[in-house]
$ cat work12.json   # JSON, C-alpha atoms
[["chain", "number", "residue", "atom", "x", "y", "z"],
["A", 1, "MET", "CA", 134.15, 119.84, 65.45],
["A", 2, "THR", "CA", 136.69, 118.29, 63.10],
["A", 3, "ASN", "CA", 138.44, 121.67, 62.78],
["A", 4, "LEU", "CA", 138.59, 121.94, 66.57],
["A", 5, "VAL", "CA", 140.07, 118.44, 66.82],
["A", 6, "ALA", "CA", 142.53, 119.19, 64.01],
["A", 7, "GLN", "CA", 143.72, 122.33, 65.81],
["A", 8, "TYR", "CA", 143.90, 121.12, 69.41],
["A", 9, "GLY", "CA", 144.08, 117.34, 69.00],
["A", 10, "TYR", "CA", 143.94, 115.20, 72.13],
["A", 11, "LEU", "CA", 143.46, 118.24, 74.37],
["A", 12, "ALA", "CA", 140.15, 119.07, 72.68],
["A", 13, "VAL", "CA", 138.90, 115.53, 73.28],
["A", 14, "LEU", "CA", 139.99, 115.52, 76.93],
["A", 15, "VAL", "CA", 138.57, 118.95, 77.77],
["A", 16, "ILE", "CA", 135.20, 118.63, 75.99],
["A", 17, "VAL", "CA", 134.55, 115.11, 77.27],
["A", 18, "GLY", "CA", 135.66, 116.20, 80.75],
["A", 19, "LEU", "CA", 133.37, 119.24, 80.83],
["A", 20, "GLU", "CA", 130.40, 117.18, 79.61],
["A", 21, "SER", "CA", 131.05, 114.60, 82.32],
["A", 22, "THR", "CA", 131.16, 117.35, 84.95],
["A", 23, "GLY", "CA", 127.58, 118.30, 84.09],
["A", 24, "ILE", "CA", 127.92, 120.83, 81.26],
["A", 25, "PRO", "CA", 125.87, 119.69, 78.23],
["A", 26, "LEU", "CA", 128.62, 119.64, 75.58],
["A", 27, "PRO", "CA", 129.00, 117.19, 72.65],
["A", 28, "GLY", "CA", 131.56, 114.90, 74.25],
["A", 29, "GLU", "CA", 130.58, 111.81, 72.30],
["A", 30, "THR", "CA", 130.53, 113.73, 69.02],
["A", 31, "THR", "CA", 134.03, 115.02, 69.78],
["A", 32, "LEU", "CA", 135.27, 111.49, 70.46],
["A", 33, "VAL", "CA", 133.78, 110.16, 67.21],
["A", 34, "ALA", "CA", 135.07, 113.15, 65.21],
["A", 35, "ALA", "CA", 138.58, 112.69, 66.60],
["A", 36, "ALA", "CA", 138.53, 108.96, 65.85],
["A", 37, "LEU", "CA", 137.31, 109.58, 62.30],
["A", 38, "TYR", "CA", 140.00, 112.23, 61.85],
["A", 39, "ALA", "CA", 142.64, 109.83, 63.16],
["A", 40, "GLY", "CA", 141.52, 107.12, 60.76],
["A", 41, "ALA", "CA", 141.33, 109.42, 57.75],
["A", 42, "THR", "CA", 144.48, 111.50, 58.20],
["A", 43, "HIS", "CA", 146.67, 109.59, 60.70],
["A", 44, "ASN", "CA", 147.57, 112.95, 62.23],
["A", 45, "LEU", "CA", 146.28, 111.61, 65.54],
["A", 46, "ASN", "CA", 146.89, 108.19, 67.06],
["A", 47, "ILE", "CA", 143.67, 106.34, 67.89],
["A", 48, "VAL", "CA", 145.20, 105.04, 71.12],
["A", 49, "GLY", "CA", 145.85, 108.62, 72.18],
["A", 50, "VAL", "CA", 142.29, 109.61, 71.26],
["A", 51, "VAL", "CA", 140.81, 106.77, 73.33],
["A", 52, "ILE", "CA", 143.08, 107.55, 76.29],
["A", 53, "ALA", "CA", 142.22, 111.27, 76.14],
["A", 54, "ALA", "CA", 138.49, 110.50, 76.09],
["A", 55, "ALA", "CA", 138.75, 107.97, 78.93],
["A", 56, "VAL", "CA", 140.84, 110.31, 81.09],
["A", 57, "GLY", "CA", 138.49, 113.21, 80.40],
["A", 58, "ALA", "CA", 135.47, 111.06, 81.30],
["A", 59, "ILE", "CA", 137.02, 109.85, 84.55],
["A", 60, "LEU", "CA", 138.30, 113.26, 85.68],
["A", 61, "GLY", "CA", 135.10, 115.06, 84.70],
["A", 62, "ASP", "CA", 132.88, 112.49, 86.40],
["A", 63, "ASN", "CA", 134.88, 112.72, 89.62],
["A", 64, "LEU", "CA", 134.55, 116.51, 89.60],
["A", 65, "GLY", "CA", 130.80, 116.14, 89.01],
["A", 66, "TYR", "CA", 130.65, 113.64, 91.87],
["A", 67, "LEU", "CA", 132.39, 116.07, 94.22],
["A", 68, "ILE", "CA", 130.04, 118.90, 93.23],
["A", 69, "GLY", "CA", 127.04, 116.69, 93.94],
["A", 70, "HIS", "CA", 128.57, 115.37, 97.16],
["A", 71, "TRP", "CA", 129.43, 118.72, 98.70],
["A", 72, "GLY", "CA", 126.87, 121.02, 97.13],
["A", 73, "GLY", "CA", 123.88, 119.07, 95.87],
["A", 74, "TYR", "CA", 123.55, 116.92, 98.97],
["A", 75, "ARG", "CA", 123.36, 119.89, 101.30],
["A", 76, "LEU", "CA", 120.69, 121.48, 99.13],
["A", 77, "LEU", "CA", 118.68, 118.24, 99.20],
["A", 78, "ILE", "CA", 118.83, 118.05, 102.99],
["A", 79, "ARG", "CA", 117.81, 121.68, 103.46],
["A", 80, "TYR", "CA", 115.24, 122.17, 100.71],
["A", 81, "GLY", "CA", 114.26, 118.72, 99.50],
["A", 82, "ARG", "CA", 110.97, 118.79, 101.37],
["A", 83, "TYR", "CA", 109.79, 121.61, 99.12],
["A", 84, "ILE", "CA", 109.97, 119.30, 96.09],
["A", 85, "ARG", "CA", 108.51, 116.27, 97.91],
["A", 86, "LEU", "CA", 111.90, 114.80, 98.76],
["A", 87, "SER", "CA", 111.50, 114.13, 102.44],
["A", 88, "GLU", "CA", 114.34, 112.77, 104.55],
["A", 89, "LYS", "CA", 112.81, 109.30, 104.21],
["A", 90, "ARG", "CA", 112.92, 109.49, 100.44],
["A", 91, "ILE", "CA", 116.46, 110.86, 100.42],
["A", 92, "LYS", "CA", 117.49, 107.88, 102.53],
["A", 93, "ILE", "CA", 115.76, 105.56, 100.06],
["A", 94, "ALA", "CA", 117.62, 107.19, 97.16],
["A", 95, "ARG", "CA", 120.93, 106.79, 98.99],
["A", 96, "TYR", "CA", 120.12, 103.17, 99.78],
["A", 97, "LEU", "CA", 119.25, 102.38, 96.14],
["A", 98, "PHE", "CA", 122.35, 104.10, 94.82],
["A", 99, "LEU", "CA", 124.40, 102.20, 97.38],
["A", 100, "ARG", "CA", 123.05, 98.89, 96.03],
["A", 101, "TYR", "CA", 122.53, 99.59, 92.32],
["A", 102, "GLY", "CA", 124.41, 102.81, 91.62],
["A", 103, "GLY", "CA", 127.32, 101.00, 90.01],
["A", 104, "GLU", "CA", 125.16, 99.81, 87.13],
["A", 105, "VAL", "CA", 123.71, 103.32, 86.66],
["A", 106, "VAL", "CA", 127.19, 104.88, 86.55],
["A", 107, "PHE", "CA", 128.58, 102.27, 84.12],
["A", 108, "PHE", "CA", 125.71, 102.13, 81.61],
["A", 109, "GLY", "CA", 124.95, 105.83, 82.02],
["A", 110, "ARG", "CA", 128.17, 106.56, 80.16],
["A", 111, "PHE", "CA", 126.48, 105.28, 76.98],
["A", 112, "THR", "CA", 123.40, 107.57, 77.14],
["A", 113, "ALA", "CA", 123.42, 111.32, 76.59],
["A", 114, "ILE", "CA", 121.46, 112.49, 79.66],
["A", 115, "LEU", "CA", 122.98, 110.09, 82.19],
["A", 116, "ARG", "CA", 126.45, 110.66, 80.77],
["A", 117, "THR", "CA", 126.11, 114.30, 81.80],
["A", 118, "TYR", "CA", 124.39, 113.92, 85.17],
["A", 119, "ALA", "CA", 125.03, 110.41, 86.58],
["A", 120, "ALA", "CA", 128.17, 111.49, 88.43],
["A", 121, "PHE", "CA", 126.39, 114.46, 90.02],
["A", 122, "LEU", "CA", 123.51, 112.19, 91.10],
["A", 123, "ALA", "CA", 125.96, 109.67, 92.52],
["A", 124, "GLY", "CA", 127.58, 112.40, 94.60],
["A", 125, "THR", "CA", 124.25, 113.83, 95.67],
["A", 126, "THR", "CA", 123.07, 110.45, 96.98],
["A", 127, "ARG", "CA", 126.41, 109.88, 98.70],
["A", 128, "MET", "CA", 127.36, 106.78, 96.71],
["A", 129, "PRO", "CA", 130.65, 105.48, 98.20],
["A", 130, "TRP", "CA", 133.48, 107.09, 96.25],
["A", 131, "ARG", "CA", 135.55, 103.94, 95.75],
["A", 132, "ARG", "CA", 132.57, 102.08, 94.31],
["A", 133, "PHE", "CA", 131.76, 105.07, 92.13],
["A", 134, "LEU", "CA", 135.36, 105.34, 90.92],
["A", 135, "PHE", "CA", 135.49, 101.66, 89.92],
["A", 136, "PHE", "CA", 132.31, 101.71, 87.82],
["A", 137, "ASN", "CA", 133.08, 105.20, 86.53],
["A", 138, "ALA", "CA", 136.53, 104.19, 85.30],
["A", 139, "ALA", "CA", 135.22, 100.94, 83.80],
["A", 140, "GLY", "CA", 132.40, 102.75, 82.01],
["A", 141, "GLY", "CA", 134.65, 105.54, 80.76],
["A", 142, "ILE", "CA", 137.24, 103.15, 79.36],
["A", 143, "ALA", "CA", 134.61, 100.89, 77.76],
["A", 144, "TRP", "CA", 132.78, 103.85, 76.21],
["A", 145, "ALA", "CA", 135.93, 105.46, 74.84],
["A", 146, "THR", "CA", 137.17, 102.14, 73.44],
["A", 147, "ILE", "CA", 133.87, 101.10, 71.84],
["A", 148, "TYR", "CA", 132.95, 104.42, 70.25],
["A", 149, "GLY", "CA", 136.48, 105.58, 69.50],
["A", 150, "GLY", "CA", 137.65, 102.22, 68.17],
["A", 151, "GLY", "CA", 134.41, 101.72, 66.27],
["A", 152, "ALA", "CA", 134.65, 105.12, 64.59],
["A", 153, "TYR", "CA", 138.27, 104.49, 63.70],
["A", 154, "LEU", "CA", 137.61, 101.04, 62.20],
["A", 155, "LEU", "CA", 134.30, 101.70, 60.52],
["A", 156, "GLY", "CA", 134.93, 105.24, 59.35],
["A", 157, "ARG", "CA", 131.86, 107.33, 58.62],
["A", 158, "GLN", "CA", 129.55, 104.33, 58.96],
["A", 159, "ILE", "CA", 129.69, 104.88, 62.73],
["A", 160, "GLU", "CA", 127.32, 107.83, 62.20],
["A", 161, "ARG", "CA", 124.64, 105.37, 61.02],
["A", 162, "LEU", "CA", 125.38, 102.93, 63.83],
["A", 163, "SER", "CA", 125.55, 105.39, 66.73],
["A", 164, "GLY", "CA", 121.88, 106.37, 66.25],
["A", 165, "PRO", "CA", 120.45, 102.87, 66.76],
["A", 166, "PHE", "CA", 122.87, 102.20, 69.62],
["A", 167, "GLU", "CA", 121.79, 105.45, 71.30],
["A", 168, "ILE", "CA", 118.12, 104.52, 70.87],
["A", 169, "VAL", "CA", 118.71, 101.08, 72.42],
["A", 170, "PHE", "CA", 120.57, 102.49, 75.43],
["A", 171, "VAL", "CA", 118.05, 105.32, 75.94],
["A", 172, "ALA", "CA", 115.14, 102.86, 75.70],
["A", 173, "ALA", "CA", 116.82, 100.56, 78.22],
["A", 174, "ALA", "CA", 117.43, 103.50, 80.56],
["A", 175, "VAL", "CA", 113.80, 104.70, 80.28],
["A", 176, "ILE", "CA", 112.46, 101.19, 80.95],
["A", 177, "ALA", "CA", 114.76, 100.82, 83.94],
["A", 178, "ILE", "CA", 113.65, 104.19, 85.34],
["A", 179, "VAL", "CA", 109.94, 103.42, 84.89],
["A", 180, "VAL", "CA", 110.23, 99.94, 86.37],
["A", 181, "GLY", "CA", 112.35, 101.28, 89.20],
["A", 182, "ALA", "CA", 109.83, 104.03, 89.94],
["A", 183, "LEU", "CA", 106.96, 101.50, 90.08],
["A", 184, "ILE", "CA", 108.93, 99.22, 92.37],
["A", 185, "ILE", "CA", 109.88, 102.10, 94.64],
["A", 186, "ARG", "CA", 106.28, 103.31, 94.80],
["A", 187, "ARG", "CA", 104.95, 99.87, 95.72],
["A", 188, "GLN", "CA", 107.79, 99.01, 98.07],
["A", 189, "GLU", "CA", 108.42, 102.44, 99.57],
["A", 190, "GLU", "CA", 107.72, 101.47, 103.17],
["A", 191, "ARG", "CA", 109.84, 98.31, 102.97],
["A", 192, "LEU", "CA", 112.63, 100.28, 101.34],
["A", 193, "ALA", "CA", 112.27, 102.98, 103.98],
["A", 194, "VAL", "CA", 112.89, 100.39, 106.70],
["A", 195, "ALA", "CA", 115.95, 99.03, 104.90],
["A", 196, "ALA", "CA", 117.24, 102.56, 104.25],
["A", 197, "GLU", "CA", 116.76, 103.50, 107.91],
["A", 198, "GLU", "CA", 118.80, 100.46, 108.94],
["A", 199, "ALA", "CA", 121.52, 101.48, 106.49],
["A", 200, "PHE", "CA", 121.45, 105.17, 107.55],
["A", 201, "PRO", "CA", 120.02, 105.37, 111.08],
["A", 202, "GLY", "CA", 119.13, 108.68, 112.65],
["A", 203, "PRO", "CA", 118.74, 112.12, 111.08],
["A", 204, "LEU", "CA", 120.72, 113.07, 107.98],
["A", 205, "HIS", "CA", 123.32, 115.76, 108.41],
["A", 206, "THR", "CA", 124.63, 118.30, 105.93]]
$ encode --input "work12.json" --output "structure tokens"
Amino acid sequence: MTNLVAQYGYLAVLVIVGLESTGIPLPGETTLVAAALYAGATHNLNIVGVVIAAAVGAILGDNLGYLIGHWGGYRLLIRYGRYIRLSEKRIKIARYLFLRYGGEVVFFGRFTAILRTYAAFLAGTTRMPWRRFLFFNAAGGIAWATIYGGGAYLLGRQIERLSGPFEIVFVAAAVIAIVVGALIIRRQEERLAVAAEEAFPGPLHT
């Protein structure tokens, strides 16, 4: 990874982070950390440029992932969701929840491996309003690039020991949130269905 960064510099950071954010499972965070370490050790790259490249890649990639989910994934859900127990009622509930709480998922998802790859696609699939998505997406991308890039640059190789615990904390928080959310949805499904119907009345269209 360091050789790749040394050869292609900021472009490698932008492209790999961007592709990961689109939905392709590539080591975007590892690339960011490697580039920041390389910048700190050799000064051949500027850390500000590394952070900007990572943030721009995250924002562009997430928006492409959002569009793919919005135009492709949503239509598939409407047509075939019933075969995987995603009825129209449940799709409306998912849209309603993403409308209310999707911003937090998009922002904090940037700090966890699985959500970093798929949160944008899910946001598009559930038709989260684009302007709201863009705000939290940009904020999360900039915060993530600054924290991990700046941390790797300042702390050198010690970031490798710190990133593990941080990842565990964020993953644990995400798992807890998903479990709690699933329990709440299961117990409150009918109430949520009524609220979702009010938010999205009538049949869903592709």
$ atom_distance --input "work12.json" --atom1 "CA of His43 (chain A)" --atom2 "CA of Gly28 (chain A)"
21.0 Å
$ closest_residue --input "work12.json" --among "A:Tyr74, A:Gly102, A:Ile91, A:Arg116" --to "Leu26 (chain A)" --atoms "only C-alpha atoms"
A:Arg116
$ atom_distance --input "work12.json" --atom1 "CA of Pro129 (chain A)" --atom2 "CA of Tyr148 (chain A)"
28.1 Å
$ closest_residue --input "work12.json" --among "A:Val50, A:Ala35, A:Val5, A:Ala58" --to "Ser21 (chain A)" --atoms "all atoms listed in the file"
A:Ala58
$ residues_around --input "work12.json" --residues "Ala139 (chain A)" --least-positions-apart "6" --cutoff "10 Å" --atoms "all atoms listed in the file" --output "MDAnalysis selection string"
chainID A and resid 55 59 106:108 110 133
$ closest_residue --input "work12.json" --among "A:Leu97, A:Ala199, A:Leu11, A:Ala145" --to "Val33 (chain A)" --atoms "only C-alpha atoms"
A:Ala145
$ residues_around --input "work12.json" --residues "region 17-20 of chain A" --least-positions-apart "2" --cutoff "9 Å" --atoms "only C-alpha atoms" --output "VMD selection string"
chain A and resid 12 to 15 22 to 29 31 to 32 53 to 62 64 116 to 118
$ atom_distance --input "work12.json" --atom1 "CA of Asn3 (chain A)" --atom2 "CA of Ala41 (chain A)"
13.6 Å
$ closest_atom_pairs --input "work12.json" --of "region 27-135 of chain A" --to "region 150-153 of chain A" --cutoff "8 Å" --atoms "all atoms listed in the file" --output "tab-separated table"
residue	atom	partner	partner_atom	distance
A:Val33	CA	A:Ala152	CA	5.7
A:Ala36	CA	A:Tyr153	CA	5.0
A:Leu37	CA	A:Tyr153	CA	5.4
A:Ala39	CA	A:Tyr153	CA	6.9
A:Gly40	CA	A:Tyr153	CA	5.1
A:Ile47	CA	A:Tyr153	CA	7.1
A:Val51	CA	A:Gly150	CA	7.6
$ residues_around --input "work12.json" --residues "Arg127 (chain A)" --least-positions-apart "2" --cutoff "10 Å" --atoms "all atoms listed in the file" --output "list of chain:residue names"
A:Tyr66, A:Leu67, A:Gly69, A:His70, A:Trp71, A:Gly73, A:Tyr74, A:Lys92, A:Ala94, A:Arg95, A:Tyr96, A:Phe98, A:Leu99, A:Phe121, A:Leu122, A:Ala123, A:Gly124, A:Thr125, A:Pro129, A:Trp130, A:Phe133
$ closest_residue --input "work12.json" --among "A:Tyr10, A:Glu88, A:Leu192, A:Gly49" --to "Thr146 (chain A)" --atoms "all atoms listed in the file"
A:Gly49
$ closest_residue --input "work12.json" --among "A:Tyr101, A:Gly149, A:Leu76, A:Gly140" --to "Asn46 (chain A)" --atoms "only C-alpha atoms"
A:Gly149
$ closest_residue --input "work12.json" --among "A:Tyr38, A:Phe135, A:Tyr8, A:Phe111" --to "Leu154 (chain A)" --atoms "only C-alpha atoms"
A:Tyr38
$ axis_aligned_box --input "work12.json" --around "region 133-151 of chain A" --padding-each-side "3 Å" --output "JSON"
{"center_x": 134.7, "center_y": 103.2, "center_z": 79.2, "size_x": 11.9, "size_y": 10.7, "size_z": 31.9}
